$ cat upload.tsv   # TSV, C-alpha atoms
chain	number	residue	atom	x	y	z
A	1292	MET	CA	0.00	0.00	0.00
A	1293	ARG	CA	1.29	3.45	-0.90
A	1294	LEU	CA	0.38	5.96	1.81
A	1295	PRO	CA	1.54	9.57	1.30
A	1296	SER	CA	3.10	10.97	4.49
A	1297	ALA	CA	0.46	13.71	4.77
A	1298	LEU	CA	-2.26	11.05	4.96
A	1299	ALA	CA	-0.28	9.02	7.51
A	1300	HIS	CA	0.01	12.21	9.56
A	1301	GLN	CA	-3.76	12.75	9.26
A	1302	ILE	CA	-4.45	9.23	10.58
A	1303	ILE	CA	-2.09	9.72	13.53
A	1304	GLU	CA	-3.68	13.08	14.36
A	1305	HIS	CA	-7.14	11.48	14.27
A	1306	ALA	CA	-5.95	8.75	16.65
A	1307	ARG	CA	-4.48	11.36	19.01
A	1308	ALA	CA	-7.66	13.45	18.90
A	1309	GLU	CA	-9.81	10.48	19.92
A	1310	PHE	CA	-7.40	9.17	22.57
A	1311	PRO	CA	-8.03	7.37	24.93
A	1312	ASN	CA	-10.80	5.99	22.72
A	1313	GLU	CA	-10.11	4.14	19.50
A	1314	CYS	CA	-10.60	6.07	16.28
A	1315	CYS	CA	-11.72	4.65	12.94
A	1316	GLY	CA	-12.11	5.73	9.35
A	1317	LEU	CA	-11.74	4.85	5.70
A	1318	ILE	CA	-8.91	5.37	3.22
A	1319	ALA	CA	-9.98	5.92	-0.39
A	1320	GLY	CA	-7.76	5.85	-3.42
A	1321	SER	CA	-6.92	4.02	-6.56
A	1322	GLY	CA	-5.51	0.51	-6.51
A	1323	ASP	CA	-2.91	0.47	-3.76
A	1324	LEU	CA	-2.45	4.26	-3.71
A	1325	ALA	CA	-4.21	6.09	-0.87
A	1326	THR	CA	-5.44	9.53	-1.86
A	1327	ARG	CA	-7.98	10.48	0.83
A	1328	VAL	CA	-8.48	9.82	4.54
A	1329	LEU	CA	-12.11	9.88	5.65
A	1330	PRO	CA	-12.40	9.98	9.46
A	1331	THR	CA	-15.59	8.50	10.88
A	1332	THR	CA	-17.30	8.28	14.26
A	1333	ASN	CA	-16.55	5.34	16.54
A	1334	ALA	CA	-20.11	4.55	17.62
A	1335	GLU	CA	-18.77	2.56	20.60
A	1336	GLY	CA	-16.61	5.43	21.84
A	1337	THR	CA	-14.38	3.28	24.04
A	1338	PRO	CA	-10.64	2.55	24.34
A	1339	PHE	CA	-11.31	-1.16	23.70
A	1340	MET	CA	-13.50	-1.34	20.63
A	1341	TYR	CA	-14.42	0.43	17.44
A	1342	VAL	CA	-17.67	0.15	15.53
A	1343	MET	CA	-17.89	2.57	12.67
A	1344	ASP	CA	-21.13	4.55	12.70
A	1345	PRO	CA	-23.16	2.50	10.19
A	1346	ARG	CA	-24.83	5.52	8.57
A	1347	GLU	CA	-21.47	7.19	7.96
A	1348	GLN	CA	-20.05	3.89	6.72
A	1349	MET	CA	-22.92	3.47	4.27
A	1350	GLU	CA	-22.73	7.03	2.98
A	1351	LEU	CA	-18.96	7.02	2.57
A	1352	MET	CA	-18.88	3.61	0.86
A	1353	ASP	CA	-21.50	4.86	-1.60
A	1354	ALA	CA	-19.59	8.13	-2.12
A	1355	ILE	CA	-16.32	6.28	-2.78
A	1356	GLU	CA	-18.02	3.99	-5.27
A	1357	ASP	CA	-19.90	6.83	-6.97
A	1358	ALA	CA	-16.64	8.77	-7.34
A	1359	GLY	CA	-15.05	5.80	-9.10
A	1360	GLU	CA	-12.54	5.40	-6.27
A	1361	ASP	CA	-11.46	2.25	-4.47
A	1362	LEU	CA	-11.86	1.56	-0.77
A	1363	VAL	CA	-8.15	1.02	-0.12
A	1364	ALA	CA	-8.30	0.46	3.62
A	1365	ILE	CA	-10.26	0.61	6.84
A	1366	TYR	CA	-8.23	2.11	9.67
A	1367	HIS	CA	-8.49	2.18	13.44
A	1368	SER	CA	-6.26	2.89	16.39
A	1369	HIS	CA	-4.89	0.75	19.19
A	1370	THR	CA	-4.29	3.07	22.09
A	1371	ARG	CA	-2.52	0.66	24.46
A	1372	SER	CA	-1.42	-2.23	22.28
A	1373	ALA	CA	0.77	-2.84	19.27
A	1374	ALA	CA	-0.22	-2.16	15.67
A	1375	TYR	CA	-1.23	-5.76	15.13
A	1376	PRO	CA	-4.74	-7.22	14.65
A	1377	SER	CA	-6.43	-8.46	17.80
A	1378	LYS	CA	-8.56	-11.60	17.93
A	1379	THR	CA	-11.65	-9.37	17.74
A	1380	ASP	CA	-10.21	-7.49	14.76
A	1381	VAL	CA	-9.91	-10.78	12.88
A	1382	GLU	CA	-13.30	-12.12	13.97
A	1383	LEU	CA	-15.06	-8.99	12.76
A	1384	ALA	CA	-13.10	-8.55	9.52
A	1385	PHE	CA	-15.99	-8.91	7.09
A	1386	PHE	CA	-14.11	-7.08	4.35
A	1387	ALA	CA	-11.59	-9.19	2.46
A	1388	GLU	CA	-10.66	-6.66	-0.22
A	1389	PRO	CA	-9.64	-3.47	1.60
A	1390	LEU	CA	-6.65	-3.61	3.92
A	1391	TYR	CA	-7.01	-3.11	7.64
A	1392	VAL	CA	-4.67	-0.34	8.78
A	1393	ILE	CA	-3.85	-0.07	12.47
A	1394	VAL	CA	-2.18	2.93	14.08
A	1395	SER	CA	-0.73	2.25	17.51
A	1396	LEU	CA	-0.27	4.95	20.13
A	1397	GLN	CA	1.26	2.50	22.58
A	1398	ASP	CA	4.34	4.71	22.48
A	1399	ALA	CA	2.73	8.14	22.23
A	1400	ASP	CA	5.91	9.71	20.86
A	1401	GLN	CA	6.47	7.02	18.23
A	1402	PRO	CA	3.15	6.12	16.60
A	1403	VAL	CA	3.33	3.02	14.40
A	1404	ILE	CA	1.15	2.36	11.35
A	1405	ARG	CA	0.93	-1.09	9.80
A	1406	ALA	CA	-1.42	-2.65	7.22
A	1407	PHE	CA	-2.86	-6.15	7.09
A	1408	ARG	CA	-5.08	-8.27	4.93
A	1409	LEU	CA	-7.49	-10.17	7.17
A	1410	ALA	CA	-9.32	-13.38	6.27
A	1411	ARG	CA	-11.68	-14.24	9.11
A	1412	SER	CA	-12.77	-17.59	7.66
A	1413	ALA	CA	-9.25	-18.81	6.87
A	1414	PRO	CA	-7.62	-21.47	9.08
A	1415	GLU	CA	-5.91	-20.20	12.21
A	1416	GLY	CA	-2.41	-19.06	11.38
A	1417	GLU	CA	-3.43	-17.96	7.89
A	1418	GLN	CA	-5.85	-15.19	8.79
A	1419	ILE	CA	-3.39	-12.30	9.03
A	1420	THR	CA	-1.07	-11.20	6.24
A	1421	GLU	CA	0.94	-8.02	6.65
A	1422	GLU	CA	1.16	-5.75	3.62
A	1423	PRO	CA	4.03	-3.29	3.38
A	1424	ILE	CA	3.29	0.44	3.56
A	1425	THR	CA	5.44	2.75	1.47
A	1426	ALA	CA	5.38	6.54	1.29
A	1427	PRO	CA	5.39	7.53	-2.40
A	1428	ASP	CA	6.56	11.03	-1.49
A	1429	ALA	CA	9.42	9.90	0.77
B	651	MET	CA	-40.25	-9.77	-4.22
B	652	SER	CA	-38.00	-7.34	-2.40
B	653	THR	CA	-34.88	-5.77	-3.77
B	654	VAL	CA	-31.77	-6.61	-1.77
B	655	LYS	CA	-28.93	-4.09	-2.08
B	656	ILE	CA	-25.63	-5.92	-2.04
B	657	PRO	CA	-22.54	-4.10	-0.71
B	658	PRO	CA	-19.29	-4.43	-2.70
B	659	VAL	CA	-17.89	-6.92	-0.18
B	660	LEU	CA	-20.67	-9.41	-0.98
B	661	ARG	CA	-21.03	-8.84	-4.72
B	662	GLN	CA	-18.71	-11.62	-5.76
B	663	ALA	CA	-21.03	-13.97	-3.87
B	664	VAL	CA	-23.98	-12.96	-6.09
B	665	GLY	CA	-22.17	-12.89	-9.42
B	666	GLY	CA	-21.21	-9.22	-9.26
B	667	GLU	CA	-24.75	-7.79	-9.06
B	668	ARG	CA	-25.39	-4.57	-7.10
B	669	THR	CA	-28.96	-5.65	-6.34
B	670	VAL	CA	-30.82	-8.95	-6.44
B	671	GLU	CA	-34.50	-9.78	-6.06
B	672	ALA	CA	-35.59	-12.21	-3.36
B	673	PRO	CA	-39.03	-13.45	-2.28
B	674	GLY	CA	-40.38	-13.36	1.26
B	675	SER	CA	-42.97	-11.56	3.38
B	676	THR	CA	-40.52	-10.61	6.13
B	677	MET	CA	-36.94	-9.37	6.10
B	678	GLY	CA	-35.86	-12.68	7.66
B	679	GLU	CA	-37.55	-14.70	4.91
B	680	VAL	CA	-35.98	-12.54	2.23
B	681	LEU	CA	-32.51	-13.09	3.68
B	682	THR	CA	-33.12	-16.81	4.15
B	683	ASN	CA	-34.13	-17.10	0.50
B	684	LEU	CA	-31.18	-14.97	-0.57
B	685	CYS	CA	-28.75	-17.16	1.38
B	686	GLN	CA	-30.29	-20.32	-0.08
B	687	ALA	CA	-29.88	-18.96	-3.61
B	688	HIS	CA	-26.40	-17.63	-2.86
B	689	PRO	CA	-24.80	-19.74	-0.11
B	690	ALA	CA	-21.61	-17.66	-0.19
B	691	VAL	CA	-23.63	-14.72	1.16
B	692	GLY	CA	-24.81	-16.85	4.06
B	693	ALA	CA	-21.25	-17.84	4.83
B	694	GLN	CA	-20.45	-14.16	5.33
B	695	ILE	CA	-23.48	-12.86	7.23
B	696	LEU	CA	-24.74	-15.85	9.25
B	697	THR	CA	-23.28	-17.45	12.36
B	698	PRO	CA	-22.57	-21.20	12.37
B	699	ASP	CA	-26.02	-21.53	14.04
B	700	GLY	CA	-27.69	-19.86	11.07
B	701	GLU	CA	-28.50	-16.64	12.92
B	702	LEU	CA	-27.74	-13.23	11.49
B	703	HIS	CA	-24.32	-12.13	12.76
B	704	LYS	CA	-24.56	-9.53	15.52
B	705	TYR	CA	-22.26	-7.21	13.55
B	706	VAL	CA	-24.21	-7.33	10.31
B	707	ASN	CA	-26.61	-4.41	10.01
B	708	ILE	CA	-29.77	-4.68	7.95
B	709	TYR	CA	-31.73	-1.70	6.69
B	710	VAL	CA	-35.28	-1.92	5.35
B	711	ASN	CA	-36.08	1.09	3.17
B	712	ASP	CA	-33.15	2.90	4.82
B	713	GLU	CA	-34.47	2.24	8.33
B	714	ASP	CA	-32.34	0.25	10.77
B	715	ALA	CA	-34.21	-3.07	10.99
B	716	ARG	CA	-33.20	-3.42	14.65
B	717	LEU	CA	-35.39	-0.38	15.32
B	718	LEU	CA	-38.26	-1.99	13.39
B	719	GLN	CA	-39.15	-5.64	14.01
B	720	TRP	CA	-35.74	-7.05	13.08
B	721	THR	CA	-36.19	-10.29	11.10
B	722	ASP	CA	-40.00	-10.08	11.48
B	723	THR	CA	-40.13	-6.70	9.73
B	724	PRO	CA	-42.75	-7.06	6.97
B	725	VAL	CA	-41.52	-6.46	3.43
B	726	GLY	CA	-43.09	-6.72	0.03
B	727	GLU	CA	-43.03	-5.56	-3.55
B	728	GLY	CA	-40.94	-2.42	-3.94
B	729	ASP	CA	-39.23	-2.64	-0.56
B	730	THR	CA	-35.46	-2.49	-0.34
B	731	VAL	CA	-33.40	-4.57	2.07
B	732	MET	CA	-29.78	-3.52	2.48
B	733	ILE	CA	-27.03	-5.64	4.01
B	734	LEU	CA	-24.24	-3.72	5.70
B	735	PRO	CA	-21.54	-5.74	7.48
B	736	ALA	CA	-20.05	-3.60	10.23
B	737	MET	CA	-16.57	-2.20	10.18
B	738	ALA	CA	-15.56	-3.07	13.70
B	739	GLY	CA	-12.90	-4.57	15.90
B	740	GLY	CA	-11.27	-4.26	19.26
B	741	ALA	CA	-7.88	-3.86	20.86
$ encode --input "upload.tsv" --output "structure tokens"
Amino acid sequence: MRLPSALAHQIIEHARAEFPNECCGLIAGSGDLATRVLPTTNAEGTPFMYVMDPREQMELMDAIEDAGEDLVAIYHSHTRSAAYPSKTDVELAFFAEPLYVIVSLQDADQPVIRAFRLARSAPEGEQITEEPITAPDA
Amino acid sequence: MSTVKIPPVLRQAVGGERTVEAPGSTMGEVLTNLCQAHPAVGAQILTPDGELHKYVNIYVNDEDARLLQWTDTPVGEGDTVMILPAMAGGA
């Protein structure tokens, strides 16, 4: 996945703004290139869980499709744990196509962003595949 | 017949269609018939017990079916049922 540094910064700032709760949002683009970050509301509003507001999810998914863009990734933050999918993240990964991007604020001074492809129905041990993130403007 | 709006994530399971027609007098019947016609949809939205997954939202004519009568919500000709798997997870 190619994630311009300005968009990575936007995701980190969203995570910091929602801290201690988890943040969530969508990343739109073309193919593997991210071009827009679309912050959404975490309807759960807790440090332990995110559930994207379904109305916002529906409207943004339609808007991305209508604009001819791709849903490149779904992102959320881990405020106290590493940037790696939890058991719940895998169990609730209904979307096989977009990547799942996780930003960790475990070390507040050194946020970490990683991307994964999640396959909830795959055998254990084959459900999580990390995808490299590159910054095309680096 | 109701029209079922299929989100991109489930389209492959219905041959790429954005909408499909399914019979049934309640939302639950419509989804049961849809899943029988397209078992790959059921694999995504049903639990192993055959219940609708807690994190799959269903809208009937743009109204959250949980705020209506959930699977007993009456539907008929011209009604639209939309499936929206949640984007969710936890630390």
$ closest_residue --input "upload.tsv" --among "B:Pro657, B:Pro724, B:Gly674, B:Gly740" --to "Asn707 (chain B)" --atoms "only C-alpha atoms"
B:Pro657
$ closest_residue --input "upload.tsv" --among "A:Val1394, A:Ala1399, A:Ala1308, A:Val1328" --to "chain B" --atoms "all atoms listed in the file"
A:Val1394
$ atom_distance --input "upload.tsv" --atom1 "CA of Leu1351 (chain A)" --atom2 "CA of Ile1365 (chain A)"
11.6 Å
$ closest_residue --input "upload.tsv" --among "A:Ile1355, A:Val1392, A:Cys1314, A:Ala1387" --to "chain B" --atoms "only C-alpha atoms"
A:Ala1387
$ interface_residues --input "upload.tsv" --of "chain B" --to "chain A" --cutoff "7 Å" --atoms "only C-alpha atoms" --output "list in words"
Val659, Pro735, Ala736, Met737, Ala738, Gly739, Gly740 and Ala741 of chain B
$ atom_distance --input "upload.tsv" --atom1 "CA of Thr1326 (chain A)" --atom2 "CA of Phe1310 (chain A)"
24.5 Å
$ atom_distance --input "upload.tsv" --atom1 "CA of Leu684 (chain B)" --atom2 "CA of Thr653 (chain B)"
10.4 Å
$ residues_around --input "upload.tsv" --residues "His703 (chain B)" --least-positions-apart "6" --cutoff "9 Å" --atoms "all atoms listed in the file" --output "JSON, numbers by chain"
{"B": [694, 695, 696, 697, 735]}
